[in-house]
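Colleague: I'd like to ask some things about the structure below.
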Amino acid sequence: MTARDALRAEEARIPKIAAMLALAWTLVIAALVGWAYHRLMNQAEKMARLEAAASFEKDVIYRRWAASHGGVYVPATEQTPPSPYLSHVAERDIESPSGRRLTLVNPAYMTRQVHELGKQQFGPRGHITSLRPIRPENAPDPWEAEALRTLETGLSEVATVERMEGESYLRLMRPLTTEESCLKCHASQGYALGDLRGGISVTVPMEPHREIARAQMVPIGLGHGALWMLGLCGIALGARRLQASNRERERASEERARLEDQLRQSQKMEAVGQLAGGVAHDFNNLLQVMLGYLEIVSSDLGANHPRHNDLLQIEKAGRRAKSLVSQLLAFSRRQILRPQNVSLNVLIENFVAMLSRMIGEHIQFRFIPGEHVGTVYADKGMVEQALMNLCVNARDAMPQGGSLTIETKDRQLDLEICGRLGVAPGRYVQITVSDTGCGMDSTTKEKIFEPFFSTKGVDKGTGLGLPTVYGIVLQHRGAIDVESKVGAGTVFHIYLPTLEEVAPQKETQEKPGSKPGGKTILLADDNDSIREFGARLLRSAGYTVVTVADGVEALERFAESPEAFHLVLLDVAMPRLDGREVYKRIQERAPGTKVLFASGFADGVFTSGLDEKDRAAILAKPYTSEELLHAVRCALGQG
């Protein structure tokens, strides 16, 4: 594990530990609050039980009082008719001196009527009951029946909290035993002194007691909540202090890691670029021979030859290969550039019409030119190629249509941004190409600039579009950045350094000669086939050609008679002595000697040591006979 990973793991653990402590503290406070609530609810149940017991004792006292007087006489009414169960009592029915009819009510009957009256008001409700009730009204409900059977085992009380009519009630049952005063009415039923005759159940609503308990929970909850917040603040403060102690080290570690990643990516891309450039150089030499001699054969056979169409197919494939090699050179930053002062707003405005036709009518295209955008020193064609590739990719990412926007603006990049992009601080022109397409995931985004990587189907792309953009931007000393999310589109930012406006140089042209040819050319190329092809074309155009195989031999032949050569045609990469060194020594010996370079790729030889006019005198391989003769005539001032 690296130091950065260790720091990240340590910092990642801090929130986890803090969260665990916060969770543990929360659980402790929650447990305390829960325990307090549980105690208050138990207390509410105890209060309801005490209320039920008080109601039971009240009923028993009223019953004993009535029993001690042998019952009570009340007016005989429809609600209180004479009891048939007291018919054996001689004085069950009497008449008052005023003639009012009275009937004897025993304690049980009195208790039942009192309980029925109590049902009409909120509060404790009682019910006198028995497993062998005399009256049907005294029959027990299921809970009372079970409680009576429990009391027969010797318990003195049964109390539980039950749900009735959608509400919670405490139900309490205590026994009624046969006393001396009870025998007057119940001896005939076979009861003896001390027998369990039934019981009185009391039902007390729990909600009033619980409401009192909940009211008591408010200050308890507030107190515990304040304690909980205080603990969380302490945990958060401790976590912040721990994070602060690691922040600087982590920031430094991340910066090192970023630089290391950037270096590794740069080294990888540089290695791939060198490989691609080397392969492109060799392929350009092969293509030069193939296309050059193919052109000669086609010219000799003529358009009417039966194999003329076959030769055209070979030429078409060769041009396609040339285009792929050109993209590889752009990626490896070895493409030959023709830089000039370019206003990007003007370039894109002139390019908009072609871009609109290319992306199609199903995509809405906008160009938003920035104000005060500076001039860049760039190859106009290469910049157009980069924009073309980005727009093609955007179009392919929006098959069902969408929006494509190109925007320019002037940017002053600071050290932080430049460190991330790998460019020098200064003023840049930012070109933003954004679309509303399918977007990319992070894995794809990391690979998009690698050559031959493509998310398109087979035969739908070479995988060189974005690598070409990457190489073009870097060859112009710029940077490219990308933002993308799956389903949210993609945004490319290109940064090209701004230059002060440079006055265009006047082109100087020598007076054309009377006719092409008539000049002596020293041609140096280490490839035999290319050397023979070039000599053959130049001689057919009337030039005298002296051929050599490397730079040392070129200097030797030139030194024999410098004035005899009107033009030196040099391959850049030659054994023993490269084209740039040959050029320097020729200029030292015979200043003003005209030199034309030929190369399969742009190397450092074209970025230093040459004047602007000399940099322009470069013939890119593979070239056609027409391109070679035109370059030679221009170099000699013949056209």
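Identifiers in the structure tokens: chain A, B, ... in order shown; residue index from 1 per chain; ligand index from 1 in order shown.
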Report as an NGL selection string all protein, DNA and RNA residues lying within 9 Å of segment 551-568 of chain A, evaluated on only C-alpha atoms, omitting residues in the same chain fewer than 4 positions from it.

Modeller: :A and (519-526 or 546-547 or 574-579 or 581-583 or 585-586 or 589-590 or 593-597 or 632 or 635-636)

Colleague: What would the file look like if the residues just selected were written as a compact mmCIF listing (two decimals), in the first residue's frame with N, CA, C and O atoms?

Modeller:
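Writing the result to out_4.txt gives the following:
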```txt
# COMPACT_ATOMS: atom_id res chain seq x y z
N LYS A 519 18.48 22.20 -64.55
CA LYS A 519 19.20 22.42 -63.30
C LYS A 519 19.75 21.10 -62.81
O LYS A 519 19.26 20.02 -63.15
N THR A 520 20.75 21.21 -61.95
CA THR A 520 21.36 20.01 -61.39
C THR A 520 20.93 19.87 -59.93
O THR A 520 21.03 20.82 -59.16
N ILE A 521 20.48 18.69 -59.58
CA ILE A 521 19.94 18.43 -58.23
C ILE A 521 20.73 17.30 -57.59
O ILE A 521 20.97 16.26 -58.22
N LEU A 522 21.14 17.53 -56.33
CA LEU A 522 21.78 16.48 -55.52
C LEU A 522 20.68 15.85 -54.66
O LEU A 522 20.09 16.51 -53.82
N LEU A 523 20.39 14.57 -54.89
CA LEU A 523 19.31 13.87 -54.19
C LEU A 523 19.91 12.86 -53.22
O LEU A 523 20.65 11.96 -53.65
N ALA A 524 19.61 13.02 -51.92
CA ALA A 524 20.14 12.12 -50.89
C ALA A 524 18.99 11.42 -50.18
O ALA A 524 18.13 12.07 -49.58
N ASP A 525 18.97 10.07 -50.29
CA ASP A 525 17.95 9.27 -49.59
C ASP A 525 18.51 7.88 -49.40
O ASP A 525 19.09 7.29 -50.33
N ASP A 526 18.37 7.34 -48.17
CA ASP A 526 18.94 6.03 -47.88
C ASP A 526 18.10 4.88 -48.42
O ASP A 526 18.53 3.73 -48.42
N VAL A 546 22.05 13.88 -59.38
CA VAL A 546 23.13 13.09 -58.79
C VAL A 546 22.58 12.48 -57.51
O VAL A 546 22.09 13.20 -56.63
N THR A 547 22.63 11.15 -57.38
CA THR A 547 22.04 10.48 -56.22
C THR A 547 23.12 9.96 -55.29
O THR A 547 24.17 9.49 -55.73
N MET A 574 18.58 9.84 -42.18
CA MET A 574 19.55 9.05 -42.95
C MET A 574 20.63 8.54 -42.01
O MET A 574 20.92 9.17 -40.98
N PRO A 575 21.22 7.41 -42.32
CA PRO A 575 22.29 6.88 -41.46
C PRO A 575 23.54 7.76 -41.53
O PRO A 575 23.76 8.50 -42.49
N ARG A 576 24.34 7.69 -40.50
CA ARG A 576 25.63 8.37 -40.34
C ARG A 576 25.49 9.88 -40.15
O ARG A 576 26.12 10.46 -39.28
N LEU A 577 24.60 10.52 -40.92
CA LEU A 577 24.44 11.96 -40.79
C LEU A 577 23.02 12.32 -41.27
O LEU A 577 22.66 12.00 -42.41
N ASP A 578 22.22 12.98 -40.37
CA ASP A 578 20.84 13.27 -40.76
C ASP A 578 20.76 14.54 -41.60
O ASP A 578 21.75 15.25 -41.80
N GLY A 579 19.56 14.78 -42.13
CA GLY A 579 19.37 15.88 -43.07
C GLY A 579 19.65 17.24 -42.47
O GLY A 579 20.16 18.12 -43.16
N GLU A 581 21.84 18.08 -40.11
CA GLU A 581 23.28 18.33 -40.02
C GLU A 581 23.88 18.58 -41.39
O GLU A 581 24.77 19.45 -41.55
N VAL A 582 23.39 17.84 -42.38
CA VAL A 582 23.87 18.08 -43.75
C VAL A 582 23.51 19.49 -44.18
O VAL A 582 24.34 20.22 -44.79
N TYR A 583 22.30 19.94 -43.87
CA TYR A 583 21.86 21.29 -44.21
C TYR A 583 22.76 22.35 -43.58
O TYR A 583 23.18 23.31 -44.24
N ARG A 585 25.89 22.14 -42.56
CA ARG A 585 27.25 22.16 -43.12
C ARG A 585 27.25 22.71 -44.55
O ARG A 585 28.21 23.40 -44.96
N ILE A 586 26.18 22.43 -45.29
CA ILE A 586 26.10 22.99 -46.64
C ILE A 586 25.98 24.51 -46.56
O ILE A 586 26.63 25.25 -47.32
N ARG A 589 29.29 26.08 -45.80
CA ARG A 589 30.24 26.04 -46.92
C ARG A 589 29.78 26.94 -48.07
O ARG A 589 30.60 27.66 -48.68
N ALA A 590 28.47 26.92 -48.33
CA ALA A 590 27.95 27.71 -49.45
C ALA A 590 26.62 28.32 -49.04
O ALA A 590 25.56 27.77 -49.34
N THR A 593 22.59 28.23 -50.52
CA THR A 593 22.27 27.05 -51.34
C THR A 593 20.84 26.62 -51.05
O THR A 593 20.44 26.51 -49.89
N LYS A 594 20.11 26.37 -52.11
CA LYS A 594 18.71 25.97 -51.94
C LYS A 594 18.64 24.51 -51.51
O LYS A 594 19.31 23.66 -52.10
N VAL A 595 17.78 24.26 -50.49
CA VAL A 595 17.62 22.91 -49.93
C VAL A 595 16.14 22.60 -49.81
O VAL A 595 15.35 23.45 -49.38
N LEU A 596 15.79 21.41 -50.23
CA LEU A 596 14.42 20.92 -50.08
C LEU A 596 14.47 19.63 -49.27
O LEU A 596 15.22 18.71 -49.60
N PHE A 597 13.70 19.60 -48.17
CA PHE A 597 13.65 18.42 -47.31
C PHE A 597 12.50 17.50 -47.74
O PHE A 597 11.45 17.97 -48.18
N VAL A 632 9.99 21.07 -56.25
CA VAL A 632 11.32 21.38 -56.81
C VAL A 632 11.28 22.69 -57.59
O VAL A 632 12.18 23.53 -57.46
N ALA A 635 11.13 25.55 -55.16
CA ALA A 635 12.42 25.75 -54.50
C ALA A 635 13.43 26.42 -55.43
O ALA A 635 14.26 27.23 -55.00
N LEU A 636 13.34 26.12 -56.73
CA LEU A 636 14.28 26.69 -57.71
C LEU A 636 13.78 28.01 -58.26
O LEU A 636 14.47 28.67 -59.06
```

Colleague: One decimal, in Å: what's the spacing between atom CA of Leu230 of chain A and atom CA of Met41 of chain A?

Modeller: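 These two atoms are separated by 27.3 Å.
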
Colleague: So, with only C-alpha atoms as the atoms that count, which of A:Pro15, A:Glu384, A:Ala139, A:Glu57 lies closest to Met354 of chain A?

Modeller: A:Glu384

Colleague: Kindly indicate which residue among A:Ala479, A:Ser201, A:Asn345, A:Val545 lies nearest to Gly419 of chain A, using only C-alpha atoms for the distances.

Modeller: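 Distance minimum relative to Gly419 of chain A lands on A:Ala479.
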
Colleague: Considering only C-alpha atoms, return as number ranges by chain whatever protein or nucleic-acid residues lie within 9 Å of Gly292 of chain A, sequence-local ones (same chain, fewer than 2 positions apart) excluded.

Modeller: A: 287-290, 294-297, 530, 533-534, 622-625

Colleague: Restricted to N, CA, C and O atoms, what would the selected residues look like written as a PDB file, in the first residue's frame?

Modeller:
```pdb
ATOM      1  N   LEU A 287       4.919   3.277 -48.613  1.00  0.00           N
ATOM      2  CA  LEU A 287       3.860   3.838 -49.441  1.00  0.00           C
ATOM      3  C   LEU A 287       4.430   4.730 -50.541  1.00  0.00           C
ATOM      4  O   LEU A 287       3.869   4.810 -51.642  1.00  0.00           O
ATOM      5  N   GLN A 288       5.537   5.412 -50.251  1.00  0.00           N
ATOM      6  CA  GLN A 288       6.164   6.247 -51.276  1.00  0.00           C
ATOM      7  C   GLN A 288       6.584   5.407 -52.471  1.00  0.00           C
ATOM      8  O   GLN A 288       6.330   5.761 -53.628  1.00  0.00           O
ATOM      9  N   VAL A 289       7.191   4.266 -52.177  1.00  0.00           N
ATOM     10  CA  VAL A 289       7.622   3.377 -53.261  1.00  0.00           C
ATOM     11  C   VAL A 289       6.414   2.807 -53.993  1.00  0.00           C
ATOM     12  O   VAL A 289       6.329   2.825 -55.227  1.00  0.00           O
ATOM     13  N   MET A 290       5.431   2.297 -53.192  1.00  0.00           N
ATOM     14  CA  MET A 290       4.267   1.662 -53.807  1.00  0.00           C
ATOM     15  C   MET A 290       3.481   2.633 -54.672  1.00  0.00           C
ATOM     16  O   MET A 290       3.177   2.366 -55.841  1.00  0.00           O
ATOM     17  N   LEU A 294       3.388   2.857 -58.708  1.00  0.00           N
ATOM     18  CA  LEU A 294       2.039   2.631 -59.229  1.00  0.00           C
ATOM     19  C   LEU A 294       1.652   3.771 -60.176  1.00  0.00           C
ATOM     20  O   LEU A 294       1.026   3.540 -61.221  1.00  0.00           O
ATOM     21  N   GLU A 295       2.042   4.975 -59.834  1.00  0.00           N
ATOM     22  CA  GLU A 295       1.747   6.124 -60.687  1.00  0.00           C
ATOM     23  C   GLU A 295       2.471   6.009 -62.026  1.00  0.00           C
ATOM     24  O   GLU A 295       1.907   6.302 -63.084  1.00  0.00           O
ATOM     25  N   ILE A 296       3.710   5.529 -61.971  1.00  0.00           N
ATOM     26  CA  ILE A 296       4.472   5.357 -63.218  1.00  0.00           C
ATOM     27  C   ILE A 296       3.838   4.299 -64.105  1.00  0.00           C
ATOM     28  O   ILE A 296       3.658   4.477 -65.316  1.00  0.00           O
ATOM     29  N   VAL A 297       3.464   3.162 -63.467  1.00  0.00           N
ATOM     30  CA  VAL A 297       2.856   2.071 -64.232  1.00  0.00           C
ATOM     31  C   VAL A 297       1.530   2.529 -64.835  1.00  0.00           C
ATOM     32  O   VAL A 297       1.223   2.247 -66.006  1.00  0.00           O
ATOM     33  N   ILE A 530      13.079   4.658 -53.229  1.00  0.00           N
ATOM     34  CA  ILE A 530      12.640   6.057 -53.246  1.00  0.00           C
ATOM     35  C   ILE A 530      13.641   6.910 -54.020  1.00  0.00           C
ATOM     36  O   ILE A 530      13.264   7.797 -54.795  1.00  0.00           O
ATOM     37  N   PHE A 533      13.145   6.265 -57.660  1.00  0.00           N
ATOM     38  CA  PHE A 533      11.895   6.851 -58.134  1.00  0.00           C
ATOM     39  C   PHE A 533      12.034   8.363 -58.318  1.00  0.00           C
ATOM     40  O   PHE A 533      11.632   8.921 -59.342  1.00  0.00           O
ATOM     41  N   GLY A 534      12.627   9.024 -57.316  1.00  0.00           N
ATOM     42  CA  GLY A 534      12.795  10.468 -57.409  1.00  0.00           C
ATOM     43  C   GLY A 534      13.697  10.867 -58.567  1.00  0.00           C
ATOM     44  O   GLY A 534      13.407  11.818 -59.312  1.00  0.00           O
ATOM     45  N   PRO A 622       4.179  10.109 -48.200  1.00  0.00           N
ATOM     46  CA  PRO A 622       4.475   9.810 -49.615  1.00  0.00           C
ATOM     47  C   PRO A 622       3.959  10.921 -50.509  1.00  0.00           C
ATOM     48  O   PRO A 622       2.871  11.443 -50.289  1.00  0.00           O
ATOM     49  N   TYR A 623       4.736  11.276 -51.516  1.00  0.00           N
ATOM     50  CA  TYR A 623       4.357  12.355 -52.418  1.00  0.00           C
ATOM     51  C   TYR A 623       4.166  11.786 -53.827  1.00  0.00           C
ATOM     52  O   TYR A 623       4.728  10.750 -54.192  1.00  0.00           O
ATOM     53  N   THR A 624       3.361  12.492 -54.598  1.00  0.00           N
ATOM     54  CA  THR A 624       3.154  12.097 -55.986  1.00  0.00           C
ATOM     55  C   THR A 624       4.212  12.766 -56.861  1.00  0.00           C
ATOM     56  O   THR A 624       4.950  13.662 -56.407  1.00  0.00           O
ATOM     57  N   SER A 625       4.272  12.357 -58.118  1.00  0.00           N
ATOM     58  CA  SER A 625       5.237  12.961 -59.046  1.00  0.00           C
ATOM     59  C   SER A 625       4.936  14.441 -59.225  1.00  0.00           C
ATOM     60  O   SER A 625       5.849  15.271 -59.291  1.00  0.00           O
TER      61      SER A 625
END
```

Colleague: With distances taken over only C-alpha atoms, which of A:Ala236, A:Leu413, A:Val482, A:Ala22 is nearest to Ser442 of chain A?

Modeller: A:Val482

Colleague: List as a ChimeraX atom specification the protein and nucleic acid residues near segment 214-221 of chain A, meaning an atom at most 9 Å away when only C-alpha atoms are counted, but skip any in the same chain fewer than 3 places from it.

Modeller: /A:33,36-37,40-41,209-211,224-226

Colleague: By how many Å are atom CA of Ala617 of chain A and atom CA of Ser343 of chain A apart?

Modeller: 24.3 Å

Colleague: If you run DSSP on this backbone, which residues of segment 121-166 of chain A come out as helix (DSSP H, G or I), and could you give them as a count of residues only?

Modeller: 13

Colleague: Tell me which protein, DNA and RNA residues are within 7 Å of Leu131 of chain A, counting only C-alpha atoms, leaving out same-chain ones fewer than 4 positions away, and put them as a list in words.

Modeller: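 Those residues are Pro140, Ala145 and Gly198 of chain A.
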
Colleague: Please produce a file of the residues just selected, as a short mmCIF file (atom, residue, chain, number, x, y, z; two decimals), in the first residue's frame, where the atoms kept are C-alpha atoms.

Modeller:
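As a result, selection.cif now contains:
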```cif
data_model
loop_
_atom_site.label_atom_id
_atom_site.label_comp_id
_atom_site.auth_asym_id
_atom_site.auth_seq_id
_atom_site.Cartn_x
_atom_site.Cartn_y
_atom_site.Cartn_z
CA PRO A 140 -68.86 -13.23 32.10
CA ALA A 145 -64.41 -16.20 32.47
CA GLY A 198 -67.75 -14.76 41.52
#
```

Colleague: Quick one: everything within 12 Å of Met110 of chain A, counting only C-alpha atoms, minus sequence neighbours fewer than 4 positions away in the same chain. Send it as a list in words.

Modeller: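 Residues meeting the cut-off are Asp59, Val60, Tyr62, Arg63, Arg64, Trp65, Ala66, Ala67, Gly71, Val72, Tyr73, Val74, Thr80, Ser83, Leu104, Val105, Asn106, Val114, His115, Glu116, Leu117, His127 and Ile128 of chain A.
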
Colleague: For the residues in that selection, give me N, CA, C and O atoms as a compact mmCIF listing (two decimals), in the first residue's frame.

Modeller:
```txt
# COMPACT_ATOMS: atom_id res chain seq x y z
N ASP A 59 -66.89 -0.55 45.40
CA ASP A 59 -68.03 -1.42 45.15
C ASP A 59 -68.25 -2.40 46.30
O ASP A 59 -69.39 -2.67 46.72
N VAL A 60 -67.14 -2.93 46.84
CA VAL A 60 -67.25 -3.90 47.93
C VAL A 60 -67.83 -3.24 49.20
O VAL A 60 -68.67 -3.82 49.90
N TYR A 62 -69.77 -0.53 49.30
CA TYR A 62 -71.21 -0.32 49.10
C TYR A 62 -71.97 -1.62 49.28
O TYR A 62 -73.06 -1.67 49.88
N ARG A 63 -71.40 -2.71 48.78
CA ARG A 63 -72.09 -4.02 48.85
C ARG A 63 -72.20 -4.48 50.30
O ARG A 63 -73.27 -4.97 50.74
N ARG A 64 -71.12 -4.30 51.08
CA ARG A 64 -71.15 -4.73 52.49
C ARG A 64 -72.16 -3.89 53.29
O ARG A 64 -72.86 -4.39 54.18
N TRP A 65 -72.17 -2.62 52.93
CA TRP A 65 -73.13 -1.75 53.64
C TRP A 65 -74.56 -2.22 53.39
O TRP A 65 -75.36 -2.35 54.30
N ALA A 66 -74.85 -2.48 52.10
CA ALA A 66 -76.20 -2.94 51.77
C ALA A 66 -76.49 -4.30 52.42
O ALA A 66 -77.59 -4.56 52.93
N ALA A 67 -75.47 -5.18 52.40
CA ALA A 67 -75.67 -6.52 52.97
C ALA A 67 -75.87 -6.45 54.48
O ALA A 67 -76.63 -7.23 55.06
N GLY A 71 -80.11 -5.71 52.68
CA GLY A 71 -80.60 -5.20 51.42
C GLY A 71 -81.25 -3.84 51.62
O GLY A 71 -81.38 -3.35 52.74
N VAL A 72 -81.70 -3.25 50.55
CA VAL A 72 -82.36 -1.96 50.61
C VAL A 72 -83.66 -2.04 49.83
O VAL A 72 -83.81 -2.83 48.89
N TYR A 73 -84.64 -1.21 50.32
CA TYR A 73 -85.91 -1.15 49.61
C TYR A 73 -85.91 0.05 48.69
O TYR A 73 -85.49 1.16 49.06
N VAL A 74 -86.38 -0.19 47.45
CA VAL A 74 -86.50 0.87 46.46
C VAL A 74 -87.87 0.77 45.83
O VAL A 74 -88.52 -0.28 45.90
N THR A 80 -86.79 -1.58 37.83
CA THR A 80 -86.43 -2.38 39.02
C THR A 80 -87.68 -3.12 39.49
O THR A 80 -88.34 -2.74 40.47
N SER A 83 -87.67 -8.91 42.43
CA SER A 83 -86.78 -9.98 41.98
C SER A 83 -87.39 -11.33 42.25
O SER A 83 -87.75 -11.64 43.40
N LEU A 104 -87.56 -5.24 47.72
CA LEU A 104 -86.23 -5.44 48.30
C LEU A 104 -85.20 -5.68 47.18
O LEU A 104 -85.42 -6.51 46.30
N VAL A 105 -84.10 -4.94 47.25
CA VAL A 105 -82.99 -5.12 46.30
C VAL A 105 -81.78 -5.62 47.08
O VAL A 105 -81.35 -4.96 48.04
N ASN A 106 -81.27 -6.79 46.70
CA ASN A 106 -80.11 -7.33 47.42
C ASN A 106 -78.83 -6.61 46.95
O ASN A 106 -78.83 -5.89 45.94
N VAL A 114 -75.75 -0.19 39.63
CA VAL A 114 -74.75 0.90 39.72
C VAL A 114 -73.76 0.79 38.56
O VAL A 114 -73.38 1.79 37.93
N HIS A 115 -73.31 -0.46 38.24
CA HIS A 115 -72.36 -0.65 37.13
C HIS A 115 -72.98 -0.26 35.79
O HIS A 115 -72.31 0.35 34.94
N GLU A 116 -74.27 -0.59 35.60
CA GLU A 116 -74.93 -0.21 34.36
C GLU A 116 -75.04 1.30 34.23
O GLU A 116 -74.91 1.86 33.14
N LEU A 117 -75.26 1.96 35.34
CA LEU A 117 -75.30 3.41 35.31
C LEU A 117 -73.93 4.00 34.98
O LEU A 117 -73.81 5.01 34.29
N HIS A 127 -68.23 -4.58 36.56
CA HIS A 127 -69.18 -5.62 36.15
C HIS A 127 -69.10 -6.75 37.15
O HIS A 127 -68.04 -7.36 37.34
N ILE A 128 -70.25 -7.01 37.87
CA ILE A 128 -70.29 -8.13 38.79
C ILE A 128 -70.65 -9.37 37.99
O ILE A 128 -71.56 -9.36 37.16
```

Colleague: Considering only C-alpha atoms, can you say which of A:Gly381, A:Gly360, A:Gly370, A:Gly302 comes closest to Leu347 of chain A?

Modeller: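 When distances to Leu347 of chain A are compared using only C-alpha atoms, the smallest one comes from A:Gly381.
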
Colleague: Go through A:Ser245, A:Glu167, A:Gln385, A:Leu193 and flag the residue nearest Glu179 of chain A, using only C-alpha atoms for the distances.

Modeller: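 Among the listed residues, the smallest separation from Glu179 of chain A belongs to A:Leu193.
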